[in-house]
Structure formats: C-alpha cells, structure tokens
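**Q** I'd like to ask some things about the structure below.
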Amino acid sequence: MLPVGALAKPPSEGTSQKAIPGSLVQLGGARGCLVDRSTPAPRCGAVRALAGPGPFMGSRAVTVSPDGRNVYVASSRSNAIAVFRRNPRTGALGQPSGTTGCVAAKGAFGCGKAIGLNGPNSVAVSANGRNVYATSRGSNAVTAFRRDRSTGALRQLPGAAGCISGVPLPGCAAGRALFGPDVVVASKDGANVYVGSFFGNAVAVFSRDRKSGGLSQPTGSSGCIATAISGCAPGTALGAPEGMAISDNGASVYVASALSNAVVVLSRDPTTGALAQASDGSGCIVDSPLTGCATGVQLSGANAVALSPGGTDAYVTSLFSNSVTSFTRSPASGALTQKPGTFGCLVWLRAVGCSF
C-alpha cells in the first residue's frame, strides 16, 4: 500500500484502483498528460504552444481560473500562453482550436497575437476571473489579458495597459524594477498586481483598473521595493525573488528570495498597494545572520511560498536545501515564526533538527 500523500501510477486498462486519501492518481491515456506537438510522447495528447513550460525561473508557470473552467500555462520556448479547458467532473484538460487555445508572440502556432511574450514564465488570474497576467523574462515585461469567462480565450489589453516593460519595447509602457521578472500574483481585492523581479532584486507594484483589468505603475517609492534601485522603497533580503503569496486579508505579501536564502514579510497598504518592510527583525527570515532579519534554518535557495487556508501557516520550498520549511503566521501582524524543532523543516536528506 502506498503511504498517504504518495503519487500513484495510473491504473492499467481494464483494472480499477482504490483511492487512497490524500494520494494522487494520474488520469489514464491522453487525459493524463499533454505535450507540445513538436515532441510527441506515447499515450499523451499533442497540443500547441507548450514548449518549455516552467523553466528554472517560473515558480507559477501554471494556474487554474477561479471558476475551475480553465488552466493557463506560460510556455517559455513557445513565447506563448497555452489555454486549456478543464472538465469539472474529471479534471481532464483539452485545448480549444484556433486562437481560443493560446496567445503567442506574432500569433505563432495559430494562436492569438500578443506583444511582450518573449520567454513567458509565470501566470496569474485575477480574483474575479476576468483577467490573466503573465511575466516574460526575455521581454522584461508584465502583460495583461482580458479573459472570456465562457471560453477561456485571452485577448491582450490595448496599449500601455496591456504591456509594461523594464526596457524599451514597441507597444509597451515603460516600467521600473522589471529586470528578469519572474513570479506574478494578483491581490484578492482586485486593486493590485505584484511582480517579483529576479535580476532586479525587487518587487514591482502595479495598480489594477477594476473595470478593464489594465495595469499602471505608481510613481515614486509606491511603485516598487528593492534592495538597491533608486526611487524604490528600501528592502532587505530581496535577492532574486522567485515565489510570492498574498494573505487573504490583503495586509501582507510574502516573498521567497532565492539568492538571499530568505522568506521576506512585506506589509501592504490596502489603499495604495504600496509595500513596506519592517526593520525590527520581523521583516525577513534568513538561513544565516543578517542585520534586520531573524535567523531560520534550511532556506538555501528559497523559491516558492504558500499560505494555508485561513492564513495561520506559511510554507516555503528551498532548492539547495532540498527542503520544505514551516512557519506560524500571526493573523494580526502578518509576522512569521519558524515552527520549533522538527516541525519547522522537512528535508530530502538528514539535517540537524529537521524531519526527513
């Protein structure tokens, strides 16, 4: 018998398999895997615009729409976002034909046309399901799309509201702190979109038009927080942000910083969307002593962060530590405290003070 939480192989044809609580069972045949048609694989469905999803940068390369009808994938080598319809009963995915099934640079693969999609790596859907946002490393850009909630199709918003780039790019507005943008998240109140700038060691802040979904970047320090970018609010331990999460109440933003080996706690102004960091030690937890931060364990190469329902706990994965670390979150202040003893970290190989 498989342990709880194990990944099970798909059942053979003509056989049945009893579900184990908490386990995963891959759907059989083409329902269980989709691959780009340039590299067909036995027993998998072939689709368009799916080359290179989830590269090293891209902790949120796949997302599900709030209504559960669609799945969106940032496909780095295809310079595209692939669109899939989701069967609500089985969870199986299928790609619509024509421009409904994808958007891509120059309209490649029969997709809808988009700009600023050179090497997309992360995607997010707004809480109301009306918009999809993507970051693209090659374009140093964040792009905004209108989502058809009946078909899942994407259409890029026109002009500056649909593309903001950190470098001069035809058709895109100029943005700050967008150097190798990686993770993108949208606040649940619909007011803001945040982008982690991997090479900029920063988080870029964008105001979201609640009606159209278009983006604009506030001026001054409200538009970004960074370790060393003039005009941005000052931040600590923001080296290579790769993961990000927003609390349910919208008061806190959490960042996993790969090069700082840290999880960063940022307070969010619900009126302006601006981010700020405390300097009393509650604004970051790092795996080695750093002025202004608390010290934790097994955070080397921190690259993704998630919050539990209700926001009482936070979890961080770290590439070089081969670990999952666990934190208790204060609902009042948003501060994190690493759980004591072996409850605070799980590692692949034995490490002092951790479970394995």
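Following the order of the structure tokens, first chain is A, next is B, and so on, with residues numbered from 1 inside each chain and ligands from 1 in the order they appear.
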As a PDB file with N, CA and C atoms, in the first residue's frame, please: the residues near Gly220 of chain A (cut-off 7 Å, only C-alpha atoms, same-chain neighbours under 3 positions excluded).
**A**
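Contents of the output file part_24.pdb:
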ATOM      1  N   GLY A 223       5.803  52.459  -6.212  1.00  0.00           N
ATOM      2  CA  GLY A 223       5.805  51.593  -7.382  1.00  0.00           C
ATOM      3  C   GLY A 223       6.723  50.399  -7.295  1.00  0.00           C
ATOM      4  N   GLY A 231      14.744  55.276  -6.238  1.00  0.00           N
ATOM      5  CA  GLY A 231      13.340  55.614  -6.399  1.00  0.00           C
ATOM      6  C   GLY A 231      12.383  54.581  -5.849  1.00  0.00           C
ATOM      7  N   CYS A 232      12.879  53.383  -5.501  1.00  0.00           N
ATOM      8  CA  CYS A 232      12.043  52.344  -4.902  1.00  0.00           C
ATOM      9  C   CYS A 232      12.141  52.411  -3.380  1.00  0.00           C
TER      10      CYS A 232
END
**Q** Segment 103-205 of chain A near segment 35-55 of chain A within 9 Å: what's each residue's closest atom pair and its distance in Å to one decimal, counting only C-alpha atoms, ordered by chain then ascending residue number, as JSON lines?
**A**
{"residue": "A:Val103", "atom": "CA", "partner": "A:Ala49", "partner_atom": "CA", "distance": 8.3}
{"residue": "A:Ala104", "atom": "CA", "partner": "A:Ala49", "partner_atom": "CA", "distance": 7.7}
{"residue": "A:Ala108", "atom": "CA", "partner": "A:Ala49", "partner_atom": "CA", "distance": 8.2}
{"residue": "A:Phe109", "atom": "CA", "partner": "A:Arg48", "partner_atom": "CA", "distance": 6.5}
{"residue": "A:Gly110", "atom": "CA", "partner": "A:Arg48", "partner_atom": "CA", "distance": 8.5}
{"residue": "A:Cys111", "atom": "CA", "partner": "A:Ala49", "partner_atom": "CA", "distance": 8.1}
{"residue": "A:Pro120", "atom": "CA", "partner": "A:Pro53", "partner_atom": "CA", "distance": 8.6}
{"residue": "A:Asn121", "atom": "CA", "partner": "A:Gly54", "partner_atom": "CA", "distance": 6.3}
{"residue": "A:Ser122", "atom": "CA", "partner": "A:Gly54", "partner_atom": "CA", "distance": 7.8}
**Q** Under the rule that only C-alpha atoms are counted, which of A:Ser333, A:Ser222, A:Gln95, A:Ser187 is the nearest residue to Ser267 of chain A?
**A**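 Checking each candidate against Ser267 of chain A, we get A:Ser333 as the closest.
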**Q** I want to know what sits within 10 Å of Ser318 of chain A, based on only C-alpha atoms, with residues of the same chain fewer than 5 positions away left out; could you give that as an mmCIF file with N, CA, C and O atoms, in the first residue's frame?
**A**
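Final output, selection10.cif:
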data_model
loop_
_atom_site.group_PDB
_atom_site.id
_atom_site.type_symbol
_atom_site.label_atom_id
_atom_site.label_comp_id
_atom_site.auth_asym_id
_atom_site.auth_seq_id
_atom_site.Cartn_x
_atom_site.Cartn_y
_atom_site.Cartn_z
ATOM 1 N N ALA A 256 9.642 34.647 -1.411
ATOM 2 C CA ALA A 256 10.744 33.696 -1.268
ATOM 3 C C ALA A 256 11.887 34.187 -2.154
ATOM 4 O O ALA A 256 11.729 34.302 -3.367
ATOM 5 N N SER A 257 13.028 34.498 -1.540
ATOM 6 C CA SER A 257 14.168 35.086 -2.251
ATOM 7 C C SER A 257 15.281 34.051 -2.392
ATOM 8 O O SER A 257 15.913 33.665 -1.396
ATOM 9 N N ALA A 258 15.547 33.633 -3.630
ATOM 10 C CA ALA A 258 16.458 32.515 -3.868
ATOM 11 C C ALA A 258 17.904 32.825 -3.492
ATOM 12 O O ALA A 258 18.586 31.999 -2.884
ATOM 13 N N ASN A 261 18.405 33.525 0.281
ATOM 14 C CA ASN A 261 18.084 32.383 1.148
ATOM 15 C C ASN A 261 17.123 32.828 2.244
ATOM 16 O O ASN A 261 17.361 32.617 3.437
ATOM 17 N N ALA A 262 16.014 33.417 1.817
ATOM 18 C CA ALA A 262 15.146 34.095 2.774
ATOM 19 C C ALA A 262 13.682 34.015 2.399
ATOM 20 O O ALA A 262 13.319 33.831 1.227
ATOM 21 N N GLN A 298 17.414 25.966 6.937
ATOM 22 C CA GLN A 298 17.075 25.275 5.694
ATOM 23 C C GLN A 298 16.277 26.151 4.721
ATOM 24 O O GLN A 298 15.232 25.764 4.205
ATOM 25 N N LEU A 299 16.825 27.338 4.432
ATOM 26 C CA LEU A 299 16.197 28.260 3.479
ATOM 27 C C LEU A 299 17.117 28.572 2.295
ATOM 28 O O LEU A 299 16.943 29.593 1.636
ATOM 29 N N SER A 300 18.077 27.692 2.022
ATOM 30 C CA SER A 300 19.023 27.952 0.954
ATOM 31 C C SER A 300 18.359 27.788 -0.413
ATOM 32 O O SER A 300 17.893 26.714 -0.775
ATOM 33 N N GLY A 301 18.293 28.880 -1.164
ATOM 34 C CA GLY A 301 17.639 28.864 -2.469
ATOM 35 C C GLY A 301 16.126 28.870 -2.367
ATOM 36 O O GLY A 301 15.443 28.228 -3.172
ATOM 37 N N ALA A 302 15.584 29.626 -1.408
ATOM 38 C CA ALA A 302 14.125 29.693 -1.239
ATOM 39 C C ALA A 302 13.463 30.125 -2.544
ATOM 40 O O ALA A 302 13.843 31.137 -3.137
ATOM 41 N N ASN A 303 12.472 29.340 -3.002
ATOM 42 C CA ASN A 303 11.940 29.631 -4.335
ATOM 43 C C ASN A 303 10.421 29.593 -4.468
ATOM 44 O O ASN A 303 9.893 29.929 -5.523
ATOM 45 N N ALA A 304 9.689 29.192 -3.458
ATOM 46 C CA ALA A 304 8.231 29.232 -3.533
ATOM 47 C C ALA A 304 7.668 29.354 -2.128
ATOM 48 O O ALA A 304 8.244 28.840 -1.164
ATOM 49 N N VAL A 305 6.527 30.041 -2.021
ATOM 50 C CA VAL A 305 5.893 30.229 -0.718
ATOM 51 C C VAL A 305 4.385 30.098 -0.898
ATOM 52 O O VAL A 305 3.825 30.542 -1.911
ATOM 53 N N SER A 323 14.326 21.261 0.760
ATOM 54 C CA SER A 323 13.511 21.310 1.970
ATOM 55 C C SER A 323 12.162 21.986 1.776
ATOM 56 O O SER A 323 11.936 22.728 0.815
ATOM 57 N N VAL A 324 11.281 21.681 2.726
ATOM 58 C CA VAL A 324 10.058 22.454 2.948
ATOM 59 C C VAL A 324 10.119 22.958 4.381
ATOM 60 O O VAL A 324 10.259 22.156 5.318
ATOM 61 N N THR A 325 10.053 24.260 4.553
ATOM 62 C CA THR A 325 10.084 24.839 5.893
ATOM 63 C C THR A 325 8.705 25.367 6.263
ATOM 64 O O THR A 325 7.949 25.819 5.402
ATOM 65 N N VAL A 347 13.418 17.775 5.100
ATOM 66 C CA VAL A 347 14.486 17.761 4.104
ATOM 67 C C VAL A 347 14.572 16.394 3.456
ATOM 68 O O VAL A 347 14.144 15.367 4.013
#
**Q** Which one of A:Asn128, A:Thr272, A:Ser59, A:Ser212 sits closest to Ala251 of chain A if you count only C-alpha atoms?
**A** A:Thr272
**Q** With a cut-off of 12 Å, could you pull out the residues of segment 88-109 of chain A touching segment 134-156 of chain A and give me the nearest pair of atoms for each, distance in Å to one decimal, using only C-alpha atoms, ordered by chain and ascending number, as a tab-separated table?
**A**
residue	atom	partner	partner_atom	distance
A:Gly94	CA	A:Gly152	CA	11.7
A:Gln95	CA	A:Gly152	CA	10.3
A:Pro96	CA	A:Thr151	CA	8.6
A:Ser97	CA	A:Ala153	CA	10.5
A:Gly98	CA	A:Ala153	CA	10.0
A:Thr99	CA	A:Ala153	CA	7.5
A:Thr100	CA	A:Ala153	CA	4.6
A:Gly101	CA	A:Ala153	CA	6.7
A:Cys102	CA	A:Leu154	CA	7.4
A:Val103	CA	A:Leu154	CA	6.8
A:Ala104	CA	A:Gln156	CA	10.3
A:Ala105	CA	A:Ser139	CA	10.8
A:Gly107	CA	A:Arg155	CA	11.5
**Q** At what distance in Å, to one decimal, does atom CA of Val253 of chain A lie from atom CA of Ser282 of chain A?
**A**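 Value for the atom CA of Ser282 of chain A-atom CA of Val253 of chain A distance: 13.0 Å.
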**Q** What is the atom CA of Tyr254 of chain A to atom CA of Pro66 of chain A distance in Å?
**A**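 Atom CA of Pro66 of chain A lies at a distance of 21.1 Å from atom CA of Tyr254 of chain A.
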**Q** So what do you get for atom CA of Gly334 of chain A versus atom CA of Asn201 of chain A, distance-wise?
**A**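 So the answer is 22.0 Å.
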